[in-house]
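start27.txt (compact mmCIF, C-alpha atoms) appears below.
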```txt
# COMPACT_ATOMS: atom_id res chain seq x y z
CA MET Z 1 102.42 77.29 127.21
CA LYS Z 2 100.26 79.68 125.19
CA ASN Z 3 98.68 76.72 123.37
CA ARG Z 4 97.79 75.09 126.70
CA ILE Z 5 96.18 78.27 128.00
CA LEU Z 6 94.21 78.65 124.76
CA ALA Z 7 93.10 75.03 124.91
CA LEU Z 8 92.01 75.45 128.54
CA PHE Z 9 90.08 78.62 127.66
CA LEU Z 10 88.28 76.88 124.79
CA THR Z 11 87.42 73.92 127.00
CA VAL Z 12 85.90 76.15 129.69
CA PHE Z 13 84.01 78.15 127.04
CA LEU Z 14 82.55 75.00 125.48
CA ILE Z 15 81.50 73.64 128.88
CA ILE Z 16 79.74 76.90 129.77
CA SER Z 17 78.06 77.06 126.36
CA ALA Z 18 76.94 73.44 126.57
CA ASN Z 19 75.45 73.99 130.01
CA CYS Z 20 73.65 77.09 128.80
CA TYR Z 21 72.08 75.31 125.83
CA ALA Z 22 71.40 72.13 127.82
CA GLU Z 23 69.36 74.05 130.40
CA LYS Z 24 65.70 73.06 130.15
CA VAL Z 25 63.66 75.56 128.15
CA ILE Z 26 60.25 76.42 129.63
CA PHE Z 27 57.35 77.11 127.28
CA THR Z 28 54.17 78.44 128.86
CA THR Z 29 50.70 78.61 127.36
CA PHE Z 30 47.02 78.44 128.27
CA ARG Z 31 44.06 76.26 127.36
CA ILE Z 32 42.33 77.08 124.08
CA PRO Z 33 39.59 74.78 122.75
CA LEU Z 34 41.09 72.42 120.16
CA MET Z 35 44.42 74.27 120.07
CA VAL Z 36 45.75 73.73 123.63
CA ILE Z 37 44.08 70.91 125.57
CA ASP Z 38 47.00 70.02 127.87
CA ASN Z 39 50.77 69.80 127.54
CA LYS Z 40 50.49 66.80 125.21
CA LYS Z 41 47.37 67.44 123.15
CA GLY Z 42 46.17 70.26 120.91
CA VAL Z 43 47.12 71.73 117.55
CA PHE Z 44 49.46 74.38 119.02
CA ILE Z 45 50.92 71.76 121.38
CA GLU Z 46 51.70 69.36 118.53
CA LEU Z 47 53.24 72.26 116.62
CA THR Z 48 55.43 73.23 119.59
CA HIS Z 49 56.59 69.67 120.25
CA GLU Z 50 57.75 69.38 116.64
CA ILE Z 51 59.46 72.78 116.84
CA GLY Z 52 61.23 71.84 120.07
CA LYS Z 53 62.47 68.61 118.50
CA ARG Z 54 63.76 70.36 115.38
CA ALA Z 55 65.36 73.16 117.39
CA GLY Z 56 67.26 70.59 119.44
CA VAL Z 57 66.32 72.00 122.84
CA ASP Z 58 65.46 70.22 126.07
CA TYR Z 59 62.08 71.71 126.89
CA ARG Z 60 58.97 71.52 129.02
CA ILE Z 61 55.49 72.91 128.27
CA ILE Z 62 53.49 74.35 131.19
CA VAL Z 63 49.76 74.97 130.69
CA VAL Z 64 48.11 77.42 133.08
CA SER Z 65 45.43 80.13 132.87
CA PRO Z 66 45.82 82.95 130.30
CA LYS Z 67 46.76 85.44 133.04
CA GLY Z 68 48.98 82.84 134.69
CA ALA Z 69 50.91 82.21 131.47
CA ILE Z 70 51.53 85.90 130.86
CA HIS Z 71 52.50 86.46 134.52
CA LYS Z 72 54.89 83.49 134.44
CA PHE Z 73 56.58 84.91 131.36
CA MET Z 74 56.70 88.47 132.71
CA ALA Z 75 58.20 87.17 135.97
CA LYS Z 76 60.86 85.38 133.89
CA LYS Z 77 59.72 81.98 135.16
CA ALA Z 78 59.25 80.87 131.56
CA ASP Z 79 61.51 81.35 128.56
CA ILE Z 80 58.83 81.31 125.87
CA LEU Z 81 55.16 82.34 125.77
CA PHE Z 82 52.79 81.09 123.08
CA PRO Z 83 50.50 81.94 121.40
CA ALA Z 84 51.60 85.53 122.04
CA LEU Z 85 50.23 88.81 120.69
CA ASP Z 86 51.40 92.41 121.07
CA VAL Z 87 48.40 93.21 123.30
CA ASN Z 88 49.69 90.72 125.88
CA PHE Z 89 52.50 93.06 126.84
CA PRO Z 90 52.20 96.42 128.63
CA LYS Z 91 54.01 99.35 127.02
CA GLY Z 92 57.68 99.42 127.93
CA ILE Z 93 57.93 95.66 128.50
CA LYS Z 94 60.55 94.28 126.11
CA HIS Z 95 60.27 90.89 124.47
CA ILE Z 96 61.59 89.22 121.34
CA LYS Z 97 59.17 87.95 118.69
CA SER Z 98 59.78 84.89 116.57
CA SER Z 99 60.63 86.05 113.05
CA GLU Z 100 58.19 83.41 111.80
CA LEU Z 101 54.55 83.91 112.78
CA ILE Z 102 52.36 81.07 114.02
CA TYR Z 103 49.38 82.62 112.26
CA VAL Z 104 47.24 85.75 112.14
CA LYS Z 105 44.46 85.75 114.77
CA ALA Z 106 41.21 86.91 113.21
CA ASP Z 107 38.30 87.64 115.55
CA TYR Z 108 34.75 87.56 114.19
CA VAL Z 109 31.37 88.74 115.43
CA PHE Z 110 29.08 85.78 116.06
CA THR Z 111 25.35 86.48 116.40
CA LYS Z 112 22.29 84.32 116.93
CA LYS Z 113 20.80 82.97 113.75
CA GLY Z 114 17.93 85.12 112.55
CA LYS Z 115 19.26 88.27 114.18
CA ARG Z 116 21.03 91.10 112.32
CA VAL Z 117 24.53 90.13 111.16
CA LEU Z 118 27.14 92.38 112.79
CA ARG Z 119 30.59 92.85 111.28
CA THR Z 120 32.44 96.04 112.24
CA MET Z 121 33.30 98.08 115.34
CA GLY Z 122 30.67 100.56 114.23
CA ASP Z 123 28.06 97.78 114.16
CA LEU Z 124 28.91 96.94 117.78
CA GLU Z 125 28.45 100.46 119.15
CA GLY Z 126 25.37 100.67 121.33
CA LYS Z 127 25.34 96.88 121.72
CA ARG Z 128 26.25 94.51 124.55
CA ILE Z 129 29.05 92.20 123.47
CA GLY Z 130 30.31 88.98 125.02
CA ILE Z 131 34.04 88.27 125.28
CA THR Z 132 36.01 85.54 127.05
CA LEU Z 133 38.12 86.16 130.15
CA GLY Z 134 41.85 86.05 129.49
CA TYR Z 135 41.68 86.23 125.70
CA PRO Z 136 43.61 89.04 123.97
CA TYR Z 137 41.31 91.49 122.19
CA VAL Z 138 42.31 94.59 120.25
CA PHE Z 139 42.37 97.92 122.09
CA GLU Z 140 39.78 99.35 119.69
CA LEU Z 141 37.19 96.91 121.07
CA ILE Z 142 37.84 96.91 124.81
CA SER Z 143 38.44 100.66 125.04
CA ASN Z 144 35.36 101.78 123.09
CA ASN Z 145 33.00 103.37 125.62
CA LEU Z 146 30.09 102.97 123.19
CA ILE Z 147 30.38 99.17 123.35
CA LYS Z 148 29.15 97.40 126.50
CA ILE Z 149 31.42 94.50 127.35
CA ASP Z 150 30.13 91.34 129.07
CA VAL Z 151 32.91 88.98 130.22
CA ALA Z 152 32.42 85.22 130.74
CA SER Z 153 34.84 82.55 131.92
CA SER Z 154 34.58 80.37 128.80
CA ASP Z 155 33.61 80.38 125.14
CA VAL Z 156 30.86 77.82 125.74
CA LEU Z 157 29.29 79.99 128.45
CA ASN Z 158 29.33 82.93 126.03
CA VAL Z 159 27.59 80.83 123.38
CA ARG Z 160 24.86 79.89 125.85
CA LYS Z 161 24.42 83.51 126.93
CA LEU Z 162 24.18 84.59 123.30
CA ASN Z 163 21.56 81.95 122.59
CA ALA Z 164 19.60 83.15 125.64
CA GLU Z 165 19.87 86.70 124.21
CA ARG Z 166 21.64 88.06 127.28
CA PHE Z 167 23.78 90.09 124.88
CA ASP Z 168 23.78 90.93 121.16
CA ALA Z 169 26.97 89.29 119.89
CA PHE Z 170 29.96 87.20 120.85
CA VAL Z 171 33.44 88.21 119.64
CA VAL Z 172 35.91 85.34 119.35
CA GLU Z 173 38.54 83.78 117.09
CA GLU Z 174 36.88 81.84 114.28
CA LYS Z 175 37.96 78.26 115.06
CA SER Z 176 37.47 78.65 118.82
CA GLY Z 177 34.03 80.15 118.25
CA ILE Z 178 32.84 77.36 115.98
CA LYS Z 179 34.17 74.74 118.41
CA ALA Z 180 32.33 76.40 121.31
CA PHE Z 181 29.03 76.35 119.43
CA GLU Z 182 29.58 72.65 118.70
CA GLN Z 183 30.34 71.88 122.35
CA ALA Z 184 27.21 73.75 123.42
CA GLY Z 185 25.14 71.81 120.88
CA LEU Z 186 24.12 75.08 119.20
CA LYS Z 187 26.07 75.08 115.93
CA ASN Z 188 22.85 75.47 113.94
CA GLN Z 189 22.08 78.66 115.91
CA MET Z 190 25.23 80.59 114.94
CA GLN Z 191 25.97 83.03 112.16
CA TYR Z 192 28.93 85.24 111.25
CA ASP Z 193 30.36 86.82 108.11
CA LYS Z 194 33.47 84.78 107.25
CA ARG Z 195 34.52 87.44 104.73
CA VAL Z 196 34.76 90.25 107.29
CA PRO Z 197 36.92 89.75 110.39
CA LEU Z 198 36.42 92.32 113.14
CA SER Z 199 40.17 92.47 113.80
CA ARG Z 200 43.48 90.79 112.92
CA GLN Z 201 46.51 90.30 115.18
CA ASP Z 202 49.88 88.63 114.56
CA VAL Z 203 50.39 85.51 116.68
CA PHE Z 204 53.96 84.47 117.52
CA TYR Z 205 56.32 82.84 120.03
CA ALA Z 206 57.58 85.45 122.50
CA PHE Z 207 61.02 85.19 124.11
CA GLN Z 208 62.75 86.98 126.97
CA SER Z 209 64.71 90.04 125.88
CA ASN Z 210 68.15 88.68 126.73
CA LYS Z 211 70.99 86.64 125.22
CA LYS Z 212 69.25 83.32 125.83
CA GLY Z 213 66.00 84.68 124.39
CA LYS Z 214 67.78 85.82 121.23
CA MET Z 215 69.41 82.41 120.82
CA LEU Z 216 66.09 80.62 121.34
CA SER Z 217 64.23 82.95 118.97
CA GLU Z 218 66.71 82.12 116.22
CA ARG Z 219 66.44 78.37 116.81
CA ILE Z 220 62.66 78.30 117.11
CA SER Z 221 62.14 80.58 114.11
CA LYS Z 222 64.48 78.45 112.01
CA ALA Z 223 62.62 75.29 113.02
CA LEU Z 224 59.24 76.88 112.25
CA ALA Z 225 60.50 78.09 108.86
CA SER Z 226 61.68 74.58 107.99
CA MET Z 227 58.25 73.18 108.92
CA LYS Z 228 56.53 75.69 106.67
CA LYS Z 229 58.91 74.81 103.85
CA ASP Z 230 58.45 71.02 104.00
CA GLY Z 231 54.68 71.12 104.58
CA THR Z 232 54.68 69.90 108.19
CA PHE Z 233 53.31 73.21 109.48
CA ALA Z 234 50.34 73.16 107.09
CA LYS Z 235 49.66 69.50 107.91
CA ILE Z 236 49.47 70.20 111.65
CA MET Z 237 47.47 73.42 111.36
CA LYS Z 238 45.01 71.75 108.99
CA LYS Z 239 43.86 69.63 111.92
CA ALA Z 240 42.22 72.72 113.40
CA SER Z 241 39.92 72.87 110.37
CA SER Z 242 39.38 69.14 109.96
CA LYS Z 243 38.06 68.86 113.55
CA LYS Z 244 35.35 71.49 113.18
```
Go ahead and render the structure in this file as structure tokens.
Amino acid sequence: MKNRILALFLTVFLIISANCYAEKVIFTTFRIPLMVIDNKKGVFIELTHEIGKRAGVDYRIIVVSPKGAIHKFMAKKADILFPALDVNFPKGIKHIKSSELIYVKADYVFTKKGKRVLRTMGDLEGKRIGITLGYPYVFELISNNLIKIDVASSDVLNVRKLNAERFDAFVVEEKSGIKAFEQAGLKNQMQYDKRVPLSRQDVFYAFQSNKKGKMLSERISKALASMKKDGTFAKIMKKASSKK
């Protein structure tokens, strides 16, 4: 009798566990030139598809606006947000980070060719600086009252405004910035100091702070670690450089 009860308990437990793991996992993200084009194309998208396959989860990727992606995650309508940074989350909001980073986001100061090269926060004080709506910037930049911030809806628009000298510099992640200058047909008009990033931020997969989130963080991190170990990660990420 005891053996039957134990067997029944184990059967129910396995069914519940299977249903939990079989539930579709929702990734949410936002468009980034070259990195996230739609839910099938882009360097980060290819990376996530490979991770999902290796982690053995049934998943779906939803691409919305930057604010929309963060709101969807905060409202618990998505299980995973990527690419995520600490500045995406208000103080007191708990989330779980992947133990393996996607990369380190380095923002640079792009200026018009022929103008003074700007590198540091101190260089930006007293200047008007272009940033892109929805992108995560460090607190030291957006909270500095000595720096005048000009917000545009896209990187390409910021490039055009910089070229028209409507502001002094454009702060953006390196690869996205270069791509925007290419798309605007103004690559020969850009300059930045590759040796001196303005800021650095860890970029990771963010998970809900609950039992499912912990389970997913372990699976995703393990899959990402295996990709780094066998060279798949480097092969995918290299595409961001090869398409400059």
Between atom CA of Val156 of chain Z and atom CA of Val36 of chain Z - distance in Å to one decimal:
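Going from atom CA of Val36 of chain Z over to atom CA of Val156 of chain Z, I get 15.6 Å.
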I need the residue nearest Ile220 of chain Z from this list: Z:Leu124, Z:Ala152, Z:Ala206, Z:Leu162. Use all atoms listed in the file for the distance.
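Going through Z:Leu124, Z:Ala152, Z:Ala206, Z:Leu162 one by one, the smallest distance to Ile220 of chain Z is for Z:Ala206.
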Considering all atoms listed in the file, give me a table of residues in segment 204-223 of chain Z that are at most 12 Å from segment 45-48 of chain Z, with the closest atom pair and distance in Å for each, as CSV.
```
residue,atom,partner,partner_atom,distance
Z:Phe204,CA,Z:Thr48,CA,11.5
Z:Tyr205,CA,Z:Thr48,CA,9.7
Z:Ile220,CA,Z:Thr48,CA,9.2
Z:Ser221,CA,Z:Thr48,CA,11.4
Z:Ala223,CA,Z:Thr48,CA,10.0
```
Please measure the separation of atom CA of Gly126 of chain Z and atom CA of Phe170 of chain Z, giving the value in Å to one decimal.
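One can read the atom CA of Gly126 of chain Z to atom CA of Phe170 of chain Z distance as 14.2 Å.
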Please check which residues have atoms at most 6 Å from (27.1, 91.7, 123.8) in the file's coordinates, counting only C-alpha atoms, and write them as a VMD selection string.
chain Z and resid 127 to 130 167 to 169
Identify which of the residues Z:Phe27, Z:Tyr137, Z:Phe233, Z:Tyr103 lies closest to Ser199 of chain Z, counting only C-alpha atoms when measuring atom-to-atom distances.
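Answer, going by the shortest atom-to-atom distance: Z:Tyr137.
One finds atom CA of Ser241 of chain Z at 17.2 Å from atom CA of Met190 of chain Z.
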For segment 94-184 of chain Z against segment 71-79 of chain Z, with a cut-off of 12 Å and counting all atoms listed in the file, what is the closest atom pair and its distance in Å to one decimal for every residue that makes the cut, ordered by chain and number, as CSV?
```
residue,atom,partner,partner_atom,distance
Z:Lys94,CA,Z:Met74,CA,9.6
Z:His95,CA,Z:Met74,CA,9.3
Z:Ile96,CA,Z:Asp79,CA,10.7
Z:Gly134,CA,Z:His71,CA,11.8
```
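If you count all atoms listed in the file and draw a sphere of 10 Å around (33.6, 98.9, 113.2), the protein and nucleic acid residues inside it come out as Leu118, Arg119, Thr120, Met121, Gly122, Asp123, Leu124, Glu125, Glu140, Leu141, Leu198 and Ser199 of chain Z.
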Would you kindly return, as a list in words, each protein, DNA or RNA residue with an atom no farther than 8 Å from any atom of segment 85-92 of chain Z, considering only C-alpha atoms and excluding same-chain residues fewer than 5 positions away?
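Here the answer would be Ile70, Pro136, Tyr137, Val138, Phe139, Gln201, Asp202, Val203 and Phe204 of chain Z.
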Find the residues of segment 43-162 of chain Z that sit at most 12 Å from segment 175-188 of chain Z; for each, write down the nearest two atoms and how far apart they are in Å, to one decimal. Count only C-alpha atoms. Sort by chain, then by number going up, and give it as JSON lines.
```
{"residue": "Z:Val43", "atom": "CA", "partner": "Z:Lys175", "partner_atom": "CA", "distance": 11.5}
{"residue": "Z:Lys105", "atom": "CA", "partner": "Z:Lys175", "partner_atom": "CA", "distance": 9.9}
{"residue": "Z:Ala106", "atom": "CA", "partner": "Z:Lys175", "partner_atom": "CA", "distance": 9.4}
{"residue": "Z:Asp107", "atom": "CA", "partner": "Z:Gly177", "partner_atom": "CA", "distance": 9.0}
{"residue": "Z:Tyr108", "atom": "CA", "partner": "Z:Gly177", "partner_atom": "CA", "distance": 8.5}
{"residue": "Z:Val109", "atom": "CA", "partner": "Z:Gly177", "partner_atom": "CA", "distance": 9.4}
{"residue": "Z:Phe110", "atom": "CA", "partner": "Z:Gly177", "partner_atom": "CA", "distance": 7.8}
{"residue": "Z:Thr111", "atom": "CA", "partner": "Z:Gly177", "partner_atom": "CA", "distance": 10.9}
{"residue": "Z:Lys112", "atom": "CA", "partner": "Z:Asn188", "partner_atom": "CA", "distance": 9.4}
{"residue": "Z:Lys113", "atom": "CA", "partner": "Z:Asn188", "partner_atom": "CA", "distance": 7.8}
{"residue": "Z:Gly114", "atom": "CA", "partner": "Z:Asn188", "partner_atom": "CA", "distance": 10.9}
{"residue": "Z:Gly130", "atom": "CA", "partner": "Z:Gly177", "partner_atom": "CA", "distance": 11.7}
{"residue": "Z:Ile131", "atom": "CA", "partner": "Z:Gly177", "partner_atom": "CA", "distance": 10.7}
{"residue": "Z:Thr132", "atom": "CA", "partner": "Z:Gly177", "partner_atom": "CA", "distance": 10.5}
{"residue": "Z:Tyr135", "atom": "CA", "partner": "Z:Ser176", "partner_atom": "CA", "distance": 11.1}
{"residue": "Z:Ser154", "atom": "CA", "partner": "Z:Ala180", "partner_atom": "CA", "distance": 8.8}
{"residue": "Z:Asp155", "atom": "CA", "partner": "Z:Ala180", "partner_atom": "CA", "distance": 5.7}
{"residue": "Z:Val156", "atom": "CA", "partner": "Z:Ala180", "partner_atom": "CA", "distance": 4.9}
{"residue": "Z:Leu157", "atom": "CA", "partner": "Z:Ala184", "partner_atom": "CA", "distance": 8.3}
{"residue": "Z:Asn158", "atom": "CA", "partner": "Z:Ala180", "partner_atom": "CA", "distance": 8.6}
{"residue": "Z:Val159", "atom": "CA", "partner": "Z:Phe181", "partner_atom": "CA", "distance": 6.1}
{"residue": "Z:Arg160", "atom": "CA", "partner": "Z:Ala184", "partner_atom": "CA", "distance": 7.0}
{"residue": "Z:Lys161", "atom": "CA", "partner": "Z:Ala184", "partner_atom": "CA", "distance": 10.7}
{"residue": "Z:Leu162", "atom": "CA", "partner": "Z:Phe181", "partner_atom": "CA", "distance": 10.3}
```
